[in-house]
file coords37.csv (CSV, C-alpha atoms)
chain,number,residue,atom,x,y,z
A,1,MET,CA,4.4,0.2,-29.6
A,2,LYS,CA,3.9,0.1,-25.9
A,3,HIS,CA,1.5,-2.3,-24.3
A,4,ARG,CA,-1.4,-0.1,-22.9
A,5,ILE,CA,-2.7,-1.0,-19.5
A,6,VAL,CA,-5.7,0.9,-18.1
A,7,VAL,CA,-6.6,0.6,-14.4
A,8,LEU,CA,-10.1,1.8,-13.6
A,9,GLY,CA,-10.5,2.9,-10.0
A,10,ALA,CA,-8.0,4.0,-7.4
A,11,GLY,CA,-9.4,2.5,-4.2
A,12,TYR,CA,-7.3,0.0,-2.3
A,13,ALA,CA,-7.5,-2.6,-5.1
A,14,GLY,CA,-6.9,-0.4,-8.1
A,15,ALA,CA,-4.2,1.8,-6.5
A,16,VAL,CA,-2.2,-1.3,-5.3
A,17,THR,CA,-2.5,-2.9,-8.7
A,18,ALA,CA,-1.2,0.1,-10.6
A,19,GLY,CA,1.8,0.5,-8.3
A,20,ARG,CA,2.7,-3.2,-8.4
A,21,LEU,CA,2.5,-3.3,-12.2
A,22,ALA,CA,4.8,-0.2,-12.3
A,23,ARG,CA,7.3,-2.1,-10.2
A,24,ARG,CA,7.0,-5.3,-12.2
A,25,LEU,CA,7.1,-4.0,-15.8
A,26,HIS,CA,9.8,-1.9,-17.6
A,27,ARG,CA,8.4,1.5,-18.4
A,28,ASP,CA,9.9,1.5,-21.9
A,29,ASP,CA,7.5,-1.4,-22.7
A,30,VAL,CA,4.2,-0.4,-21.1
A,31,GLU,CA,2.0,2.6,-20.7
A,32,ILE,CA,0.0,2.4,-17.4
A,33,THR,CA,-3.0,4.7,-17.0
A,34,LEU,CA,-4.9,5.0,-13.7
A,35,VAL,CA,-8.4,6.5,-14.0
A,36,ASN,CA,-10.2,7.7,-10.9
A,37,ALA,CA,-13.1,10.2,-10.4
A,38,ASP,CA,-11.5,11.7,-7.2
A,39,PRO,CA,-8.1,13.2,-7.7
A,40,GLU,CA,-7.1,11.9,-4.3
A,41,PHE,CA,-6.7,8.4,-2.8
A,42,VAL,CA,-9.6,8.0,-0.3
A,43,GLU,CA,-9.2,5.8,2.7
A,44,ARG,CA,-12.7,4.2,2.6
A,45,VAL,CA,-12.1,2.3,5.8
A,46,ARG,CA,-11.9,5.7,7.6
A,47,LEU,CA,-15.0,7.4,6.1
A,48,HIS,CA,-17.0,6.9,9.3
A,49,GLN,CA,-14.3,9.0,11.0
A,50,LEU,CA,-14.6,11.7,8.3
A,51,ALA,CA,-18.4,11.7,8.8
A,52,SER,CA,-18.0,12.1,12.6
A,53,GLY,CA,-16.0,15.3,12.1
A,54,GLN,CA,-12.4,14.2,11.9
A,55,GLU,CA,-10.0,15.2,9.2
A,56,LEU,CA,-8.3,12.7,6.9
A,57,ARG,CA,-4.9,13.2,5.3
A,58,SER,CA,-4.9,14.5,1.8
A,59,ARG,CA,-3.2,12.1,-0.7
A,60,PRO,CA,-3.3,13.5,-4.3
A,61,LEU,CA,-2.9,10.6,-6.7
A,62,ARG,CA,-0.6,12.5,-9.1
A,63,ASP,CA,1.8,13.1,-6.2
A,64,LEU,CA,1.7,9.5,-5.1
A,65,TYR,CA,2.6,8.2,-8.6
A,66,ALA,CA,5.0,10.9,-9.6
A,67,GLY,CA,8.1,9.3,-11.1
A,68,THR,CA,6.6,5.8,-11.2
A,69,GLY,CA,5.6,5.8,-14.9
A,70,VAL,CA,1.9,5.6,-14.0
A,71,ARG,CA,-0.2,8.3,-15.7
A,72,VAL,CA,-3.1,9.5,-13.5
A,73,ARG,CA,-6.4,10.6,-15.1
A,74,SER,CA,-9.1,12.3,-13.0
A,75,ALA,CA,-12.3,11.4,-14.8
A,76,TRP,CA,-15.5,9.4,-14.5
A,77,VAL,CA,-15.8,6.1,-16.4
A,78,THR,CA,-19.0,6.2,-18.4
A,79,ALA,CA,-18.7,3.0,-20.4
A,80,VAL,CA,-16.5,0.0,-21.2
A,81,ASP,CA,-16.5,-1.9,-24.5
A,82,ALA,CA,-14.8,-5.2,-23.7
A,83,ASP,CA,-14.9,-6.3,-27.3
A,84,ARG,CA,-13.5,-3.2,-28.9
A,85,LYS,CA,-11.1,-2.7,-25.9
A,86,THR,CA,-12.2,0.9,-25.2
A,87,VAL,CA,-13.1,2.9,-22.1
A,88,ASP,CA,-15.2,6.1,-22.3
A,89,LEU,CA,-14.5,8.9,-19.9
A,90,ALA,CA,-16.2,12.1,-18.8
A,91,GLY,CA,-14.2,14.8,-17.2
A,92,GLU,CA,-12.9,18.3,-17.9
A,93,ASP,CA,-13.5,17.9,-21.7
A,94,PRO,CA,-17.2,18.3,-22.3
A,95,ALA,CA,-16.9,16.0,-25.3
A,96,GLY,CA,-15.5,13.2,-23.2
A,97,GLU,CA,-12.6,10.9,-24.2
A,98,THR,CA,-12.1,7.3,-25.3
A,99,LEU,CA,-9.1,5.3,-24.0
A,100,ARG,CA,-7.9,2.2,-25.8
A,101,TYR,CA,-6.3,-0.6,-23.9
A,102,ASP,CA,-4.5,-3.8,-24.5
A,103,SER,CA,-5.0,-5.0,-20.9
A,104,LEU,CA,-7.7,-3.7,-18.5
A,105,VAL,CA,-7.9,-3.9,-14.7
A,106,TYR,CA,-11.4,-3.2,-13.5
A,107,ALA,CA,-11.5,-1.9,-9.9
A,108,LEU,CA,-14.5,0.4,-9.8
A,109,GLY,CA,-15.6,-1.0,-6.4
A,110,SER,CA,-19.0,-0.7,-4.7
A,111,THR,CA,-21.3,1.8,-3.2
A,112,SER,CA,-24.2,1.7,-0.7
A,113,ALA,CA,-27.3,-0.2,-1.9
A,114,GLY,CA,-30.8,0.2,-0.5
A,115,GLN,CA,-31.8,-3.3,-1.6
A,116,GLY,CA,-35.1,-2.0,-2.9
A,117,VAL,CA,-36.2,-0.5,0.4
A,118,PRO,CA,-38.4,2.6,-0.2
A,119,GLY,CA,-37.0,5.9,1.0
A,120,VAL,CA,-33.3,4.9,1.3
A,121,ALA,CA,-32.3,7.0,-1.7
A,122,GLU,CA,-34.4,10.0,-0.6
A,123,TYR,CA,-33.8,10.1,3.2
A,124,ALA,CA,-30.9,7.9,4.2
A,125,HIS,CA,-27.2,8.9,4.4
A,126,ASN,CA,-24.3,6.5,4.0
A,127,VAL,CA,-20.5,6.3,4.3
A,128,SER,CA,-19.6,4.5,1.1
A,129,GLY,CA,-17.9,7.5,-0.5
A,130,LYS,CA,-16.1,10.7,0.4
A,131,ARG,CA,-18.9,13.0,-0.8
A,132,ASP,CA,-21.5,10.9,1.0
A,133,ALA,CA,-19.5,11.1,4.2
A,134,LEU,CA,-19.1,14.8,4.0
A,135,ARG,CA,-22.8,15.3,3.5
A,136,LEU,CA,-23.5,13.2,6.5
A,137,ARG,CA,-20.9,15.1,8.5
A,138,ALA,CA,-22.7,18.4,7.7
A,139,ARG,CA,-26.0,16.9,8.7
A,140,LEU,CA,-24.7,15.6,12.0
A,141,ALA,CA,-23.2,19.0,12.8
A,142,GLU,CA,-26.7,20.5,12.5
A,143,LEU,CA,-28.1,18.3,15.2
A,144,GLU,CA,-28.8,19.9,18.6
A,145,PRO,CA,-28.0,18.0,21.8
A,146,GLY,CA,-30.5,15.2,22.2
A,147,GLY,CA,-30.7,14.6,18.5
A,148,THR,CA,-31.3,11.1,17.2
A,149,VAL,CA,-29.2,9.1,14.8
A,150,LEU,CA,-30.1,5.6,13.6
A,151,VAL,CA,-27.6,3.4,11.9
A,152,VAL,CA,-29.2,0.5,9.9
A,153,GLY,CA,-27.0,-2.6,9.4
A,154,GLY,CA,-25.4,-4.9,11.9
A,155,GLY,CA,-22.2,-5.5,9.9
A,156,LEU,CA,-18.7,-4.1,10.6
A,157,THR,CA,-19.4,-0.8,8.7
A,158,GLY,CA,-22.6,-0.1,10.8
A,159,ILE,CA,-20.8,-1.1,14.1
A,160,GLU,CA,-17.9,1.2,13.4
A,161,ALA,CA,-20.1,4.1,12.3
A,162,ALA,CA,-22.4,3.9,15.4
A,163,ALA,CA,-19.4,3.7,17.8
A,164,GLU,CA,-17.7,6.6,16.1
A,165,PHE,CA,-20.7,8.9,16.1
A,166,ALA,CA,-21.5,8.1,19.7
A,167,GLU,CA,-17.9,8.8,20.8
A,168,ALA,CA,-17.6,12.0,18.8
A,169,ARG,CA,-21.0,13.3,19.8
A,170,PRO,CA,-21.9,11.9,23.3
A,171,ASP,CA,-24.8,14.5,23.4
A,172,LEU,CA,-26.6,12.6,20.6
A,173,LYS,CA,-28.9,9.5,21.0
A,174,VAL,CA,-27.3,6.9,18.7
A,175,ALA,CA,-29.0,3.6,17.9
A,176,LEU,CA,-28.1,0.6,15.7
A,177,ALA,CA,-30.8,-1.6,14.0
A,178,ALA,CA,-29.9,-5.0,12.5
A,179,ARG,CA,-32.1,-7.5,10.6
A,180,GLY,CA,-30.4,-10.4,12.5
A,181,GLY,CA,-27.9,-10.2,15.3
A,182,VAL,CA,-25.1,-7.6,15.5
A,183,ALA,CA,-21.7,-8.9,14.6
A,184,ASP,CA,-22.9,-12.5,14.3
A,185,GLN,CA,-19.7,-13.5,12.5
A,186,LEU,CA,-17.6,-12.7,15.5
A,187,SER,CA,-16.8,-15.0,18.4
A,188,ASP,CA,-18.7,-14.9,21.7
A,189,LYS,CA,-15.9,-13.1,23.4
A,190,ALA,CA,-15.8,-10.4,20.8
A,191,ARG,CA,-19.5,-9.9,20.9
A,192,ARG,CA,-19.5,-9.6,24.7
A,193,HIS,CA,-16.8,-6.9,24.4
A,194,LEU,CA,-18.9,-5.2,21.7
A,195,ARG,CA,-22.0,-5.1,23.8
A,196,GLY,CA,-19.9,-3.6,26.7
A,197,ALA,CA,-18.5,-1.0,24.4
A,198,PHE,CA,-21.9,0.0,23.1
A,199,ASP,CA,-23.2,0.2,26.7
A,200,ARG,CA,-20.3,2.5,27.6
A,201,LEU,CA,-20.9,4.7,24.5
A,202,GLY,CA,-24.7,4.8,25.0
A,203,VAL,CA,-25.5,3.1,21.7
A,204,THR,CA,-29.0,1.4,21.8
A,205,VAL,CA,-29.1,-1.8,19.8
A,206,HIS,CA,-32.2,-3.2,18.1
A,207,GLU,CA,-31.7,-6.7,16.8
A,208,GLY,CA,-34.1,-8.8,14.6
A,209,VAL,CA,-35.5,-5.6,13.0
A,210,ASP,CA,-36.4,-5.7,9.4
A,211,VAL,CA,-36.5,-2.1,8.1
A,212,THR,CA,-39.1,-1.9,5.3
A,213,ARG,CA,-39.2,1.9,4.7
A,214,VAL,CA,-37.1,4.9,5.5
A,215,GLU,CA,-38.8,8.2,6.1
A,216,ALA,CA,-37.7,11.7,6.9
A,217,ASP,CA,-38.1,11.2,10.6
A,218,GLY,CA,-37.2,7.6,11.1
A,219,VAL,CA,-37.8,4.1,9.7
A,220,VAL,CA,-40.8,1.7,9.5
A,221,THR,CA,-40.2,-1.9,10.5
A,222,GLY,CA,-41.7,-5.1,9.2
A,223,ALA,CA,-43.6,-5.6,12.4
A,224,GLY,CA,-45.4,-2.3,11.8
A,225,GLY,CA,-43.4,-0.4,14.4
A,226,ARG,CA,-41.3,2.7,14.0
A,227,LEU,CA,-37.8,3.7,15.1
A,228,PRO,CA,-37.5,7.5,15.2
A,229,ALA,CA,-34.4,9.3,13.9
A,230,GLN,CA,-33.6,12.7,12.7
A,231,VAL,CA,-30.7,11.2,10.7
A,232,THR,CA,-30.7,7.6,9.3
A,233,VAL,CA,-27.5,6.1,8.1
A,234,TRP,CA,-27.8,3.1,5.8
A,235,THR,CA,-25.0,0.5,6.0
A,236,ALA,CA,-27.1,-2.6,5.3
A,237,GLY,CA,-25.9,-3.4,1.8
A,238,PHE,CA,-23.5,-2.6,-1.0
A,239,ALA,CA,-23.8,-2.8,-4.8
A,240,VAL,CA,-21.1,-2.7,-7.5
A,241,HIS,CA,-20.9,-0.1,-10.2
A,242,PRO,CA,-23.4,-1.0,-12.9
A,243,ILE,CA,-20.9,-0.5,-15.8
A,244,ALA,CA,-19.6,-4.1,-15.9
A,245,ALA,CA,-23.1,-5.5,-16.2
A,246,ALA,CA,-23.7,-3.4,-19.2
A,247,THR,CA,-20.8,-5.0,-21.1
A,248,THR,CA,-20.3,-8.4,-22.7
A,249,LEU,CA,-18.1,-9.4,-19.7
A,250,GLU,CA,-19.4,-12.4,-17.8
A,251,VAL,CA,-20.9,-11.2,-14.5
A,252,SER,CA,-22.7,-12.6,-11.6
A,253,ASP,CA,-26.4,-11.9,-10.7
A,254,THR,CA,-25.1,-9.0,-8.6
A,255,GLY,CA,-23.0,-7.5,-11.4
A,256,ARG,CA,-19.6,-8.6,-10.2
A,257,ILE,CA,-17.1,-9.7,-12.9
A,258,VAL,CA,-16.5,-13.5,-12.7
A,259,VAL,CA,-12.8,-14.2,-12.5
A,260,ASP,CA,-10.4,-17.2,-12.2
A,261,ALA,CA,-7.7,-17.7,-9.5
A,262,THR,CA,-5.5,-15.1,-11.1
A,263,MET,CA,-8.3,-12.4,-11.1
A,264,ARG,CA,-8.7,-12.7,-14.9
A,265,SER,CA,-12.1,-12.5,-16.5
A,266,LEU,CA,-13.5,-15.8,-17.5
A,267,SER,CA,-15.0,-14.4,-20.7
A,268,HIS,CA,-12.3,-11.8,-21.7
A,269,PRO,CA,-8.6,-12.8,-21.1
A,270,ASP,CA,-7.4,-9.3,-21.5
A,271,VAL,CA,-9.5,-8.0,-18.6
A,272,TYR,CA,-8.8,-8.5,-14.9
A,273,ALA,CA,-11.1,-7.5,-12.0
A,274,VAL,CA,-10.1,-6.8,-8.4
A,275,GLY,CA,-11.7,-5.7,-5.2
A,276,ASP,CA,-15.4,-5.4,-4.7
A,277,ALA,CA,-16.0,-5.5,-8.5
A,278,ALA,CA,-14.8,-9.1,-8.8
A,279,LEU,CA,-16.4,-12.4,-7.9
A,280,ALA,CA,-13.5,-14.7,-7.0
A,281,GLU,CA,-13.1,-17.9,-4.9
A,282,GLY,CA,-11.1,-17.9,-1.8
A,283,ALA,CA,-10.1,-20.5,0.7
A,284,GLY,CA,-12.5,-23.4,0.9
A,285,GLY,CA,-14.1,-22.4,-2.4
A,286,LYS,CA,-16.1,-19.6,-0.7
A,287,PRO,CA,-16.6,-16.4,-2.6
A,288,LEU,CA,-14.3,-13.6,-1.3
A,289,ARG,CA,-16.4,-10.9,0.5
A,290,MET,CA,-16.4,-7.2,-0.3
A,291,ALA,CA,-13.7,-5.9,2.1
A,292,CYS,CA,-10.4,-4.1,2.3
A,293,ALA,CA,-9.0,-7.4,3.7
A,294,THR,CA,-9.3,-8.9,0.2
A,295,ALA,CA,-8.6,-5.8,-1.9
A,296,SER,CA,-4.8,-5.9,-1.6
A,297,PRO,CA,-4.4,-9.7,-2.0
A,298,MET,CA,-6.5,-9.6,-5.1
A,299,ALA,CA,-4.5,-6.7,-6.4
A,300,TRP,CA,-1.2,-8.6,-5.8
A,301,GLN,CA,-2.6,-11.6,-7.5
A,302,ALA,CA,-3.8,-9.8,-10.6
A,303,ALA,CA,-0.7,-7.6,-11.0
A,304,ASP,CA,1.7,-10.5,-10.7
A,305,ALA,CA,-0.3,-12.7,-13.1
A,306,LEU,CA,-0.7,-10.0,-15.7
A,307,ALA,CA,3.0,-9.1,-15.4
A,308,ALA,CA,4.0,-12.8,-15.7
A,309,ARG,CA,1.9,-13.3,-18.8
A,310,LEU,CA,3.3,-10.2,-20.5
A,311,THR,CA,6.9,-11.1,-19.7
A,312,GLY,CA,6.8,-14.8,-20.4
A,313,ARG,CA,7.3,-15.9,-16.8
A,314,LYS,CA,5.5,-18.5,-14.7
A,315,VAL,CA,2.0,-17.4,-13.7
A,316,PRO,CA,1.6,-17.5,-9.9
A,317,GLU,CA,-1.6,-18.9,-8.4
A,318,THR,CA,-2.3,-18.7,-4.7
A,319,THR,CA,-5.5,-19.2,-2.8
A,320,ILE,CA,-6.5,-16.1,-1.0
A,321,GLY,CA,-7.6,-16.6,2.6
A,322,TYR,CA,-8.4,-14.5,5.6
A,323,VAL,CA,-6.4,-13.8,8.8
A,324,THR,CA,-8.3,-11.4,10.9
A,325,GLN,CA,-11.4,-9.2,11.1
A,326,CYS,CA,-10.8,-5.8,12.7
A,327,VAL,CA,-13.4,-3.5,14.2
A,328,SER,CA,-12.8,0.0,15.5
A,329,LEU,CA,-15.1,1.1,18.4
A,330,GLY,CA,-14.2,4.8,18.4
A,331,ARG,CA,-10.6,5.9,18.7
A,332,ARG,CA,-9.7,4.2,21.9
A,333,ASP,CA,-11.3,0.8,21.6
A,334,GLY,CA,-11.4,-2.0,19.1
A,335,ILE,CA,-11.6,-5.7,18.3
A,336,LEU,CA,-9.1,-7.8,16.5
A,337,GLN,CA,-10.8,-11.2,15.7
A,338,LYS,CA,-8.5,-14.0,14.5
A,339,VAL,CA,-10.3,-16.0,11.8
A,340,THR,CA,-9.6,-19.1,9.7
A,341,PRO,CA,-8.6,-18.8,6.1
A,342,GLU,CA,-12.3,-19.5,5.3
A,343,ASP,CA,-13.2,-16.4,7.4
A,344,GLU,CA,-14.6,-18.4,10.4
A,345,ALA,CA,-14.1,-16.8,13.8
A,346,THR,CA,-11.7,-18.5,16.2
A,347,SER,CA,-11.4,-18.1,20.0
A,348,THR,CA,-8.5,-15.8,19.7
A,349,VAL,CA,-9.5,-12.1,20.2
A,350,LEU,CA,-7.7,-8.9,21.1
A,351,THR,CA,-9.9,-6.1,22.5
A,352,GLY,CA,-9.7,-2.7,24.1
A,353,ARG,CA,-6.9,-0.3,23.5
A,354,ALA,CA,-4.6,-3.0,22.2
A,355,GLY,CA,-7.3,-4.0,19.6
A,356,ALA,CA,-7.6,-0.3,18.6
A,357,ARG,CA,-3.8,0.1,18.2
A,358,VAL,CA,-3.5,-3.0,16.0
A,359,LYS,CA,-6.5,-1.9,13.9
A,360,GLU,CA,-4.9,1.5,13.5
A,361,LEU,CA,-1.6,0.0,12.4
A,362,ILE,CA,-3.3,-2.1,9.8
A,363,CYS,CA,-5.2,0.8,8.4
A,364,ALA,CA,-2.2,3.1,8.4
A,365,GLY,CA,0.0,0.4,6.9
A,366,ALA,CA,-2.4,-0.1,4.0
A,367,ALA,CA,-2.5,3.7,3.3
A,368,TRP,CA,1.3,3.9,3.6
A,369,SER,CA,1.9,1.2,1.0
A,370,ILE,CA,-0.3,3.0,-1.5
A,371,SER,CA,1.4,6.4,-0.6
A,372,HIS,CA,4.9,4.9,-1.3
A,373,PRO,CA,4.4,2.7,-4.4
A,374,THR,CA,8.1,2.8,-5.4
A,375,LEU,CA,9.3,1.5,-2.0
A,376,MET,CA,7.2,-1.7,-1.9
A,377,LEU,CA,8.4,-5.0,-3.3
A,378,PRO,CA,8.8,-6.3,-6.0
A,379,SER,CA,10.9,-3.6,-7.5
A,380,ARG,CA,12.7,-5.3,-10.4
A,381,ARG,CA,11.1,-4.3,-13.7
A,382,HIS,CA,11.1,-7.0,-16.5
A,383,ARG,CA,11.0,-6.4,-20.2
A,384,LEU,CA,8.0,-7.7,-22.1
A,385,ALA,CA,8.1,-10.9,-24.2
A,386,PRO,CA,7.9,-10.6,-28.0
A,387,ALA,CA,4.4,-9.6,-29.1
A,388,ARG,CA,3.5,-13.0,-30.7
A,389,ALA,CA,4.7,-15.0,-27.8
A,390,ARG,CA,2.9,-12.7,-25.4
A,391,GLU,CA,-0.4,-12.9,-27.2
A,392,ALA,CA,-0.2,-16.7,-27.2
A,393,ARG,CA,0.7,-16.8,-23.5
A,394,ILE,CA,-2.2,-14.5,-22.7
A,395,ALA,CA,-4.6,-16.7,-24.6
A,396,ASN,CA,-3.4,-20.1,-23.3
A,397,THR,CA,-2.4,-19.6,-19.6
call {"tool": "encode", "arguments": {"input": "coords37.csv", "output": "structure tokens"}}
result
Amino acid sequence: MKHRIVVLGAGYAGAVTAGRLARRLHRDDVEITLVNADPEFVERVRLHQLASGQELRSRPLRDLYAGTGVRVRSAWVTAVDADRKTVDLAGEDPAGETLRYDSLVYALGSTSAGQGVPGVAEYAHNVSGKRDALRLRARLAELEPGGTVLVVGGGLTGIEAAAEFAEARPDLKVALAARGGVADQLSDKARRHLRGAFDRLGVTVHEGVDVTRVEADGVVTGAGGRLPAQVTVWTAGFAVHPIAAATTLEVSDTGRIVVDATMRSLSHPDVYAVGDAALAEGAGGKPLRMACATASPMAWQAADALAARLTGRKVPETTIGYVTQCVSLGRRDGILQKVTPEDEATSTVLTGRAGARVKELICAGAAWSISHPTLMLPSRRHRLAPARAREARIANT
């Protein structure tokens, strides 16, 4: 009987894991199923571009994995039973379906979170998913010249969204509100360039603003003031899918699955978690942040460790560290910030058109690797170890 591997989620982390497992393991020995609600791979790092009116390339998952041995299922995950090793799906079949697995890779990712702020769910838009970005795109298209857009959140997502909207629609009044400073994690040089870019694009910045309520025509701040906006875009927080927290898997207080250095669940050795859904330590013992920058390294680590345990080979363990932080400021400007493995900014920064080009190469390269799963290394497929030896290795390594 084939070893059944189920991968939940086909974002950057899940898509990379599925492709790498297909290249590591002999298809006569394993059955790999990739489950995703959207039938296409969605470049989440470009959703602010989609919202601004640009078109994104269509990448149907079934086309990407054709001939790889990976079976693609377009369905919603409704429940996971980590003790019975089952996954419940909802899709075309009204009765639903239950998948059984021998090994599970959980990569359901994250979505926008209102952090308990009243009115976020009712009145704010976000760019955390394709449907959300398309709804925001339609709303922005309705705005007349002089319309007001407020982006809440001073992190990289908020910065990129504000810059993209201002460049695509110079007739709108775009503002950015942050609880602390904007891009506090970047170097002084990078922040100076960012301020200059926002001045050029006409983005108004409000720092030290605590948004306590979102309303139909703007937001209310902790100081009792108001920031008017016909459209509010919330980028101030992300939350993981709640399914893991409803299982017997060990999770953090935020619902992320707690994993070891190989991305394996601490409580269930047949479950791996990657991407935003996993709580893993990186360089310096710091938790890896939710980011595309960590999705692929976590996927490589999980796939290689799982493949090694199944085939009786040495389990690799490496510490994941950071290299850069990249920020797009529209299509013709950007920031490439060199960071330490612990994600601390250094004095090395690339800005302007050069920064934009490198950021584009990084984003395009990530999508290309997923679009060509059979062309990426490693490509040698190994046979599985005997069942008894495999089970012992999974339990003890």
call {"tool": "closest_residue", "arguments": {"input": "coords37.csv", "among": "A:Glu250, A:Glu360, A:Asp270, A:Glu215", "to": "Ala124 (chain A)", "atoms": "only C-alpha atoms"}}
result
A:Glu215
call {"tool": "closest_residue", "arguments": {"input": "coords37.csv", "among": "A:Gly237, A:Gly321, A:Gly202, A:Gly312", "to": "Pro287 (chain A)", "atoms": "only C-alpha atoms"}}
result
A:Gly321
call {"tool": "closest_residue", "arguments": {"input": "coords37.csv", "among": "A:Pro242, A:Pro341, A:Gly196, A:Pro373", "to": "Gly255 (chain A)", "atoms": "all atoms listed in the file"}}
result
A:Pro242
call {"tool": "residues_near_point", "arguments": {"input": "coords37.csv", "point": "(-10.9, 2.7, 20.5)", "cutoff": "12 Å", "atoms": "all atoms listed in the file", "output": "PyMOL selection string"}}
result
chain A and resi 49+160+163-164+166-168+193-194+197-198+200-201+326-336+351-360
call {"tool": "closest_atom_pairs", "arguments": {"input": "coords37.csv", "of": "region 246-300 of chain A", "to": "region 69-79 of chain A", "cutoff": "12 Å", "atoms": "all atoms listed in the file", "output": "JSON lines"}}
result
{"residue": "A:Ala246", "atom": "CA", "partner": "A:Ala79", "partner_atom": "CA", "distance": 8.2}
{"residue": "A:Thr247", "atom": "CA", "partner": "A:Ala79", "partner_atom": "CA", "distance": 8.3}
{"residue": "A:Thr248", "atom": "CA", "partner": "A:Ala79", "partner_atom": "CA", "distance": 11.7}
call {"tool": "atom_distance", "arguments": {"input": "coords37.csv", "atom1": "CA of Lys338 (chain A)", "atom2": "CA of Glu281 (chain A)"}}
result
20.3 Å
call {"tool": "atom_distance", "arguments": {"input": "coords37.csv", "atom1": "CA of Gly67 (chain A)", "atom2": "CA of Arg46 (chain A)"}}
result
27.6 Å
call {"tool": "closest_residue", "arguments": {"input": "coords37.csv", "among": "A:His268, A:His125, A:Arg23, A:Arg313", "to": "Ala216 (chain A)", "atoms": "only C-alpha atoms"}}
result
A:His125
call {"tool": "residues_around", "arguments": {"input": "coords37.csv", "residues": "region 170-174 of chain A", "least_positions_apart": "4", "cutoff": "10 Å", "atoms": "all atoms listed in the file", "output": "list in words"}}
result
Leu140, Leu143, Glu144, Pro145, Gly146, Gly147, Thr148, Val149, Leu150, Val151, Ala162, Ala163, Glu164, Phe165, Ala166, Phe198, Leu201, Gly202, Val203, Thr204, Val205, Ala229 and Val231 of chain A
call {"tool": "closest_residue", "arguments": {"input": "coords37.csv", "among": "A:Arg139, A:Lys85, A:Arg383, A:Lys2", "to": "Val233 (chain A)", "atoms": "all atoms listed in the file"}}
result
A:Arg139
call {"tool": "residues_around", "arguments": {"input": "coords37.csv", "residues": "His3 (chain A)", "least_positions_apart": "4", "cutoff": "12 Å", "atoms": "only C-alpha atoms", "output": "NGL selection string"}}
result
:A and (25-33 or 100-104 or 270 or 306-307 or 310-311 or 383-387 or 390-391)
call {"tool": "atom_distance", "arguments": {"input": "coords37.csv", "atom1": "CA of Val16 (chain A)", "atom2": "CA of Ala295 (chain A)"}}
result
8.5 Å
call {"tool": "closest_residue", "arguments": {"input": "coords37.csv", "among": "A:Gly218, A:Gly225, A:Gly158, A:Gly53", "to": "Arg137 (chain A)", "atoms": "only C-alpha atoms"}}
result
A:Gly53
call {"tool": "residues_around", "arguments": {"input": "coords37.csv", "residues": "Arg264 (chain A)", "least_positions_apart": "3", "cutoff": "9 Å", "atoms": "all atoms listed in the file", "output": "PyMOL selection string"}}
result
chain A and resi 105+258-261+267-274+302+305-306
